[in-house]
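Asker: What follows is model-v7.cif, mmCIF, C-alpha atoms.
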data_work
loop_
_atom_site.label_atom_id
_atom_site.label_comp_id
_atom_site.auth_asym_id
_atom_site.auth_seq_id
_atom_site.Cartn_x
_atom_site.Cartn_y
_atom_site.Cartn_z
CA MET A 603 -6.66 16.68 -52.32
CA ALA A 604 -6.56 19.13 -49.40
CA SER A 605 -3.76 21.65 -49.36
CA ASN A 606 -1.26 21.90 -46.51
CA GLN A 607 -2.92 25.14 -45.44
CA GLN A 608 -6.35 23.44 -45.29
CA VAL A 609 -4.95 20.57 -43.23
CA GLN A 610 -3.29 23.02 -40.88
CA GLN A 611 -6.51 25.01 -40.47
CA SER A 612 -8.45 21.80 -39.85
CA SER A 613 -6.05 20.65 -37.15
CA MET A 614 -6.24 24.06 -35.52
CA SER A 615 -10.04 23.97 -35.53
CA TYR A 616 -10.22 20.47 -34.06
CA PRO A 617 -7.39 20.03 -31.55
CA PRO A 618 -6.83 16.54 -30.13
CA SER A 619 -9.06 15.82 -27.14
CA PRO A 620 -7.17 15.59 -23.83
CA PHE A 621 -7.72 12.87 -21.28
CA VAL A 622 -9.48 13.85 -18.07
CA TRP A 623 -8.78 11.60 -15.08
CA PHE A 624 -11.31 11.00 -12.32
CA LEU A 625 -12.34 8.88 -9.35
CA LEU A 626 -15.87 7.55 -8.94
CA LEU A 627 -16.81 7.72 -5.25
CA ASP A 628 -19.82 6.78 -3.14
CA SER A 629 -21.56 9.88 -1.78
CA VAL A 630 -21.99 8.36 1.69
CA THR A 631 -18.93 6.24 2.39
CA GLY A 632 -16.47 8.23 0.30
CA LEU A 633 -15.10 4.91 -0.96
CA PRO A 634 -14.64 3.89 -4.62
CA TYR A 635 -18.10 3.29 -6.05
CA LYS A 636 -18.68 -0.46 -6.50
CA GLY A 637 -14.96 -1.20 -6.43
CA THR A 638 -13.99 1.12 -9.29
CA ASN A 639 -10.48 2.45 -9.82
CA ALA A 640 -9.16 5.65 -11.37
CA ASN A 641 -10.40 6.13 -14.92
CA LYS A 642 -10.20 8.63 -17.76
CA VAL A 643 -12.36 10.02 -20.53
CA SER A 644 -11.62 12.08 -23.60
CA VAL A 645 -13.44 15.40 -23.92
CA SER A 646 -13.12 18.51 -26.02
CA THR A 647 -10.81 21.26 -24.82
CA SER A 648 -13.86 23.53 -24.68
CA ALA A 649 -15.83 21.09 -22.51
CA ASP A 650 -17.57 22.25 -19.36
CA VAL A 651 -18.22 20.24 -16.21
CA ALA A 652 -21.59 19.02 -17.53
CA ASP A 653 -19.91 17.66 -20.68
CA PHE A 654 -17.35 15.81 -18.60
CA ARG A 655 -20.08 14.52 -16.29
CA GLU A 656 -21.95 13.02 -19.24
CA ALA A 657 -18.76 11.41 -20.56
CA ALA A 658 -17.98 9.92 -17.14
CA HIS A 659 -21.56 8.65 -16.86
CA LEU A 660 -21.34 7.01 -20.28
CA LYS A 661 -17.99 5.41 -19.38
CA ASN A 662 -19.56 3.80 -16.30
CA SER A 663 -23.10 3.27 -17.61
CA SER A 664 -23.04 -0.45 -16.81
CA ILE A 665 -22.80 0.21 -13.06
CA LEU A 666 -24.83 3.43 -12.97
CA THR A 667 -28.15 1.84 -13.84
CA GLY A 668 -31.04 4.07 -12.82
CA ILE A 669 -28.75 7.07 -12.23
CA THR A 670 -28.65 9.98 -14.67
CA SER A 671 -25.65 12.19 -15.32
CA ALA A 672 -27.51 15.10 -13.70
CA GLN A 673 -27.48 13.17 -10.40
CA LEU A 674 -23.68 13.12 -10.38
CA THR A 675 -21.73 15.88 -8.68
CA VAL A 676 -18.13 16.75 -9.47
CA TYR A 677 -15.41 18.07 -7.16
CA LYS A 678 -12.14 19.53 -8.40
CA ASN A 679 -10.08 16.93 -6.49
CA LYS A 680 -10.12 14.49 -3.58
CA ALA A 681 -9.11 17.18 -1.08
CA ALA A 682 -12.16 19.25 -2.03
CA PHE A 683 -14.40 16.20 -1.78
CA ASP A 684 -13.08 15.43 1.72
CA LYS A 685 -14.16 18.92 2.81
CA ARG A 686 -17.70 18.63 1.47
CA ASN A 687 -19.15 18.28 4.98
CA ALA A 688 -16.92 20.85 6.69
CA VAL A 689 -18.37 24.06 8.07
CA VAL A 690 -17.88 27.25 6.09
CA ASP A 691 -15.24 28.57 8.48
CA ASP A 692 -13.21 25.36 8.08
CA GLY A 693 -13.00 25.64 4.32
CA LYS A 694 -16.13 23.80 3.21
CA GLU A 695 -15.88 22.91 -0.48
CA GLU A 696 -18.78 22.91 -2.90
CA PRO A 697 -19.07 20.78 -6.05
CA LEU A 698 -18.15 22.38 -9.34
CA ASP A 699 -20.82 24.30 -11.22
CA PRO A 700 -21.96 22.23 -14.24
CA THR A 701 -21.62 25.33 -16.45
CA GLU A 702 -18.01 25.93 -15.37
CA SER A 703 -15.31 25.36 -17.97
CA LEU A 704 -13.25 22.25 -17.31
CA GLY A 705 -10.00 23.98 -18.20
CA LEU A 706 -6.95 22.13 -16.91
CA LEU A 707 -8.81 20.21 -14.20
CA GLY A 708 -8.57 16.43 -14.08
CA SER A 709 -4.86 15.79 -14.41
CA LYS A 710 -3.43 12.37 -13.60
CA GLU A 711 -1.80 13.84 -10.49
CA ASP A 712 -4.89 15.74 -9.28
CA MET A 713 -7.94 13.82 -10.43
CA LEU A 714 -11.50 15.06 -10.46
CA VAL A 715 -13.95 13.31 -8.17
CA VAL A 716 -17.32 12.20 -9.51
CA VAL A 717 -19.75 11.55 -6.67
CA VAL A 718 -22.46 8.95 -7.17
CA PRO A 719 -25.60 8.73 -5.01
CA SER A 720 -24.89 5.97 -2.53
CA SER A 721 -25.93 2.45 -3.41
CA SER A 722 -26.45 1.75 0.31
CA SER A 723 -30.09 1.41 1.35
CA PHE A 724 -30.26 4.15 3.99
CA PRO A 725 -33.18 6.45 3.05
CA GLU A 726 -32.74 8.24 6.39
CA LEU A 727 -29.30 9.35 5.26
CA ASP A 728 -30.63 10.74 2.00
CA GLN A 729 -33.29 12.65 3.92
CA LEU A 730 -30.71 14.08 6.31
CA ASP A 731 -28.49 15.12 3.43
CA GLN A 732 -31.39 16.97 1.83
CA GLU A 733 -32.25 18.71 5.11
CA ILE A 734 -28.64 19.82 5.64
CA LYS A 735 -28.36 21.21 2.13
CA ALA A 736 -31.73 22.94 2.41
CA LEU A 737 -30.69 24.58 5.69
CA GLU A 738 -27.26 25.69 4.44
CA ASN A 739 -28.75 27.09 1.23
CA SER A 740 -31.66 28.88 2.90
CA GLU A 741 -31.81 32.66 2.81
CA GLU A 742 -32.19 32.74 6.60
CA TYR A 743 -28.94 30.83 7.09
CA LYS A 744 -27.00 32.94 4.59
CA THR A 745 -28.33 36.20 6.04
CA LEU A 746 -27.56 35.28 9.64
CA ALA A 747 -24.13 33.92 8.65
CA TYR A 748 -23.35 37.27 7.04
CA LYS A 749 -24.60 39.31 10.01
CA ASN A 750 -22.73 37.17 12.54
CA ARG A 751 -19.32 37.51 10.94
CA VAL A 752 -16.58 38.24 13.47
CA TRP A 753 -15.75 41.53 11.76
CA ALA A 754 -19.36 42.46 10.96
CA VAL A 755 -20.28 46.14 11.23
CA PRO A 756 -22.70 46.82 12.74
CA LYS A 757 -22.59 44.00 15.27
CA PRO A 758 -25.51 41.53 15.20
CA THR A 759 -28.38 42.09 17.60
CA GLU A 760 -29.06 39.75 20.51
CA GLN A 761 -31.95 38.24 18.57
CA GLU A 762 -29.78 37.65 15.49
CA ARG A 763 -27.07 36.02 17.62
CA GLY A 764 -29.67 33.81 19.28
CA GLU A 765 -31.22 32.77 15.97
CA TRP A 766 -27.76 32.06 14.51
CA GLN A 767 -26.89 29.89 17.51
CA LEU A 768 -30.12 27.90 17.16
CA LEU A 769 -29.49 27.32 13.45
CA ASN A 770 -25.96 26.11 14.15
CA GLU A 771 -27.19 23.78 16.89
CA LYS A 772 -29.77 22.35 14.50
CA LEU A 773 -27.14 21.95 11.78
CA ALA A 774 -24.73 20.28 14.21
CA TYR A 775 -27.45 17.84 15.28
CA LEU A 776 -28.30 16.96 11.67
CA LYS A 777 -24.62 16.41 10.82
CA LYS A 778 -24.07 14.33 13.94
CA THR A 779 -27.01 12.13 12.99
CA GLU A 780 -25.73 11.93 9.42
CA ASP A 781 -22.32 10.83 10.72
CA PHE A 782 -24.03 8.11 12.74
CA TYR A 783 -25.60 6.58 9.64
CA ARG A 784 -22.45 7.08 7.59
CA ASN A 785 -20.34 5.32 10.23
CA ALA A 786 -22.90 2.51 10.32
CA ILE A 787 -22.40 1.95 6.60
CA LEU A 788 -18.62 2.14 6.94
CA SER A 789 -18.81 -0.35 9.79
CA MET A 790 -20.77 -2.74 7.59
CA ASN A 791 -18.15 -2.40 4.85
CA ALA A 792 -15.34 -2.93 7.36
CA HIS A 793 -17.11 -6.03 8.66
CA SER A 794 -17.19 -7.45 5.14
CA VAL A 795 -13.48 -6.77 4.74
CA LYS A 796 -12.69 -8.37 8.09
CA LYS A 797 -14.78 -11.39 7.20
CA SER A 798 -12.83 -11.79 3.97
CA ASP A 799 -9.57 -11.29 5.84
CA LYS A 800 -10.63 -13.92 8.37
CA THR A 801 -11.18 -16.39 5.55
CA ARG A 802 -7.71 -15.65 4.26
CA LYS A 803 -6.16 -16.20 7.70
CA GLU A 804 -7.72 -19.65 7.94
CA TYR A 805 -5.07 -20.91 5.56
CA LYS A 806 -2.77 -22.59 8.08
CA ARG A 807 0.96 -22.09 8.39
CA ASP A 808 1.55 -25.77 7.72
CA THR A 809 -0.41 -25.50 4.48
CA ALA A 810 1.67 -22.50 3.44
CA ILE A 811 4.93 -24.34 4.11
CA LYS A 812 3.74 -27.33 2.12
CA ASP A 813 2.68 -25.14 -0.81
CA GLU A 814 5.99 -23.28 -0.72
CA ARG A 815 7.87 -26.57 -0.98
CA LEU A 816 5.59 -27.66 -3.82
CA LEU A 817 6.32 -24.40 -5.63
CA LEU A 818 10.08 -24.96 -5.34
CA SER A 819 9.65 -28.54 -6.54
CA ASP A 820 7.48 -27.43 -9.44
CA VAL A 821 10.05 -24.83 -10.51
CA ALA A 822 12.78 -27.48 -10.41
CA ILE A 823 10.72 -29.91 -12.51
CA LYS A 824 9.82 -27.30 -15.13
CA MET A 825 13.43 -26.13 -15.38
CA TRP A 826 14.68 -29.74 -15.67
CA GLU A 827 12.25 -30.31 -18.54
CA ARG A 828 13.91 -27.39 -20.34
CA PHE A 829 17.58 -27.98 -19.49
CA GLU A 830 17.86 -31.66 -18.33
CA PHE A 831 20.49 -30.97 -15.67
CA ASP A 832 21.94 -33.69 -13.41
CA CYS A 833 19.93 -34.83 -10.39
CA VAL A 834 21.30 -36.25 -7.15
CA PHE A 835 18.36 -38.61 -6.66
CA GLU A 836 16.70 -40.78 -9.27
CA ASP A 837 13.15 -39.98 -8.16
CA GLY A 838 13.23 -36.51 -9.70
CA PRO A 839 14.86 -33.08 -9.70
CA SER A 840 14.96 -30.91 -6.59
CA PHE A 841 15.48 -27.19 -6.20
CA GLY A 842 18.95 -28.02 -4.87
CA ASP A 843 19.71 -29.71 -8.20
CA LEU A 844 18.58 -26.56 -10.02
CA LYS A 845 20.80 -24.35 -7.85
CA ARG A 846 23.81 -26.55 -8.56
CA ALA A 847 23.08 -26.55 -12.30
CA ALA A 848 22.89 -22.75 -12.27
CA GLY A 849 25.99 -22.44 -10.10
CA PHE A 850 24.14 -20.38 -7.50
CA GLY A 851 25.04 -21.44 -3.98
CA ASN A 852 23.36 -18.45 -2.37
CA CYS A 853 21.87 -15.03 -3.07
CA LYS A 854 25.32 -13.41 -3.18
CA ASP A 855 26.24 -15.62 -6.14
CA VAL A 856 23.13 -14.38 -7.94
CA ARG A 857 23.95 -10.72 -7.36
CA ASP A 858 27.58 -11.21 -8.41
CA TYR A 859 26.59 -12.91 -11.67
CA PHE A 860 24.08 -10.27 -12.73
CA GLN A 861 26.43 -7.42 -11.78
CA ARG A 862 29.26 -8.97 -13.81
CA LYS A 863 26.88 -9.64 -16.68
CA ALA A 864 25.85 -5.96 -16.69
CA ARG A 865 29.54 -5.03 -16.99
CA GLY A 866 30.04 -7.53 -19.83
CA GLU A 867 32.47 -9.63 -17.79
CA VAL A 868 30.67 -12.98 -18.20
CA GLN A 869 29.00 -14.81 -21.04
CA GLU A 870 25.27 -15.37 -20.98
CA ASP A 871 24.12 -18.59 -19.35
CA ASP A 872 20.84 -20.20 -20.41
CA ILE A 873 19.91 -21.52 -16.97
CA LYS A 874 20.99 -18.42 -15.06
CA ASP A 875 19.26 -16.10 -17.52
CA SER A 876 16.03 -18.09 -17.61
CA LEU A 877 14.91 -16.21 -14.49
CA THR A 878 15.42 -12.64 -13.34
CA LYS A 879 17.81 -11.72 -10.56
CA GLU A 880 14.85 -10.90 -8.31
CA ALA A 881 13.20 -14.28 -8.99
CA TRP A 882 16.40 -16.22 -8.22
CA ILE A 883 16.96 -14.34 -4.96
CA TRP A 884 13.36 -14.84 -3.87
CA LEU A 885 13.37 -18.57 -4.67
CA ILE A 886 16.71 -19.20 -2.97
CA GLY A 887 15.55 -17.30 0.11
CA LEU A 888 12.33 -19.30 0.16
CA ASN A 889 14.27 -22.54 -0.16
CA GLN A 890 16.52 -21.62 2.76
CA ARG A 891 13.46 -20.80 4.85
CA VAL A 892 11.47 -23.99 4.28
CA ASN A 893 14.56 -26.21 4.45
CA GLY A 894 15.33 -24.72 7.83
CA LEU A 895 11.91 -25.77 9.05
CA LEU A 896 12.70 -29.37 8.09
CA HIS A 897 15.45 -29.31 10.70
CA ASP A 898 13.27 -27.94 13.48
CA THR A 899 11.65 -29.81 16.38
CA LEU A 900 8.02 -30.82 16.81
CA ILE A 901 5.51 -28.14 17.75
CA THR A 902 4.66 -27.92 21.46
CA ASN A 903 1.01 -27.39 22.43
CA LYS A 904 -0.05 -25.01 25.19
CA ASP A 905 -0.38 -27.90 27.66
CA GLY A 906 3.24 -28.95 27.05
CA SER A 907 2.46 -31.96 24.89
CA LEU A 908 4.00 -32.42 21.46
CA ARG A 909 1.80 -32.15 18.40
CA LEU A 910 2.15 -34.49 15.47
CA VAL A 911 -0.31 -34.51 12.56
CA LEU A 912 -0.06 -37.49 10.21
CA GLU A 913 -1.69 -38.09 6.86
CA HIS A 914 -4.63 -40.46 7.16
CA ASP A 915 -2.90 -43.38 5.42
CA VAL A 916 0.20 -42.93 7.58
CA TYR A 917 -1.83 -42.45 10.75
CA GLU A 918 -3.73 -45.73 10.49
CA GLY A 919 -0.68 -47.97 10.51
CA GLY A 920 1.92 -45.70 12.05
CA ARG A 921 0.33 -43.97 15.03
CA LYS A 922 1.76 -46.36 17.63
CA VAL A 923 5.17 -46.42 15.98
CA ALA A 924 5.30 -42.61 15.92
CA GLU A 925 4.24 -42.44 19.57
CA GLU A 926 7.01 -44.88 20.59
CA LEU A 927 9.58 -42.91 18.61
CA VAL A 928 8.63 -39.63 20.29
CA ARG A 929 8.80 -41.16 23.76
CA THR A 930 12.11 -42.84 22.96
CA PHE A 931 13.71 -39.48 22.22
CA TYR A 932 11.75 -37.25 24.63
CA GLY A 933 11.23 -39.64 27.53
CA SER A 934 8.45 -42.04 28.48
CA SER A 935 6.60 -39.37 30.48
CA LYS A 936 6.35 -36.99 27.54
CA LYS A 937 2.82 -36.56 26.25
CA VAL A 938 2.29 -36.57 22.51
CA ASP A 939 -0.89 -35.51 20.74
CA ILE A 940 -1.03 -37.42 17.46
CA LYS A 941 -3.79 -36.37 15.08
CA ASP A 942 -5.28 -37.84 11.93
CA ALA A 943 -5.09 -35.22 9.17
CA SER A 944 -8.56 -36.22 7.98
CA SER A 945 -10.01 -35.11 11.34
CA ASP A 946 -11.35 -31.57 11.77
CA SER A 947 -9.55 -31.38 15.13
CA SER A 948 -6.18 -31.73 13.40
CA SER A 949 -6.19 -28.21 11.96
CA SER A 950 -3.09 -26.35 13.04
CA PRO A 951 -2.92 -22.87 14.54
#
Please express the file's structure as structure tokens.

Answerer:
Amino acid sequence: MASNQQVQQSSMSYPPSPFVWFLLLDSVTGLPYKGTNANKVSVSTSADVADFREAAHLKNSSILTGITSAQLTVYKNKAAFDKRNAVVDDGKEEPLDPTESLGLLGSKEDMLVVVVPSSSSFPELDQLDQEIKALENSEEYKTLAYKNRVWAVPKPTEQERGEWQLLNEKLAYLKKTEDFYRNAILSMNAHSVKKSDKTRKEYKRDTAIKDERLLLSDVAIKMWERFEFDCVFEDGPSFGDLKRAAGFGNCKDVRDYFQRKARGEVQEDDIKDSLTKEAWIWLIGLNQRVNGLLHDTLITNKDGSLRLVLEHDVYEGGRKVAEELVRTFYGSSKKVDIKDASSDSSSSP
């Protein structure tokens, strides 16, 4: 059996591995790579950037097919990553050296950024990126950048200033072209998001109202199955029945009950306590909203006519009756546009 001293020495030799947090970002768009979120890996306290890079690669191996850990670059945080394309004078940030010790980098509040070669099929962009890096890392660029410093002594010659200007113009052109391709990819991504958003918006307001009422009805039915409270109508429980059973007339009643309960002034109530305060307030507010719509008037179309959409079974036998009712109350000259819900033209705005 190991002595206490041996156990202590062992724990000192092998300290618990800390978690290192990171974001996995696309090298071109700067967006989360393939929809990933923040993640973490466990590495040794003596780990360097290359060790972390391998751990991050292993953690995401299923979506990094065909990409090696050596192809990943690491920035100390998102702010540094955002400055990867800045000019030197504007605080351009370089990726971390793979041999650099990880130290305290990668906290939950200031995550590392692991950059993955873009999955977008833009070979021109890859070529431009290589040209920009080659130019910025060339001896000519570094030498002229040093000689053309504002405080340089001696001052650069006319030829050196001219050569430096030409290099900067070339670099600006390459970066402008790179931005063009990058924006094209971002535009494609934005188009996909807008397309998805458009699909979401095609759910009509009428459908939402109907589903909201069904939700309230469903809640009432499920609660009645648990507590069997009294119902006003024989055809089934309503949300109004549930409110009466709970003794909640409005949201103020809900707040008062839970405040008094917190102070120990009331006994627990099975129906009241079956839902949270927030859930009760939300449901009561929703009920007030949709009930109010039941007491509203018919929707008026842009041409001034009234719109009335009827279910197919109701439409077949009730269209003429509905039309007569509308004209009885609105006047014989009032136009009414009655639609069959089974028709594509009946979709509401």

Asker: With distances taken over all atoms listed in the file, which of A:Lys685, A:Arg909, A:Lys777, A:Lys879 is nearest to Asn852 in chain A?

Answerer: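 Smallest separation from Asn852 in chain A among the options: A:Lys879.
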
Asker: List the residues matched by the PyMOL selection byres ((chain A and resi 925-937) around 10) in the displayed structure as number ranges by chain, ordered by chain and then by residue number.

Answerer: A: 900, 905-910, 920-924, 938-940

Asker: Can you turn the PyMOL selection byres ((chain A and resi 671) around 10) into a concrete residue list for this file, as a list in words?

Answerer: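 So the PyMOL selection byres ((chain A and resi 671) around 10), applied here, picks out Ala652, Asp653, Phe654, Arg655, Glu656, Ala657, Ala658, His659, Leu660, Ser663, Leu666, Ile669, Thr670, Ala672, Gln673, Leu674, Thr675 and Val718 of chain A.
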
Asker: Excluding Val717 in chain A and residues on its chain fewer than 4 positions from it, collect all residues at most 10 Å away from it, counting only C-alpha atoms, and give them as number ranges by chain.

Answerer: A: 625-630, 632-635, 673-677, 683, 697

Asker: So that I can see what lies close to Leu877 in chain A, please list as a list in words the residues with an atom at most 12 Å from it, counting only C-alpha atoms and leaving out residues fewer than 3 positions away in the same chain.

Answerer: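 Skipping anything fewer than 3 positions along the chain leaves Val821, Met825, Leu844, Ala848, Val856, Phe860, Asp871, Asp872, Ile873, Lys874, Glu880, Ala881, Trp882, Ile883, Trp884 and Leu885 of chain A.
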
Asker: Which of these residues is nearest to Ala681 in chain A, using all atoms listed in the file: A:Asp820, A:Asp781, A:Glu695, A:Glu814?

Answerer: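 Closest to Ala681 in chain A, using all atoms listed in the file: A:Glu695.
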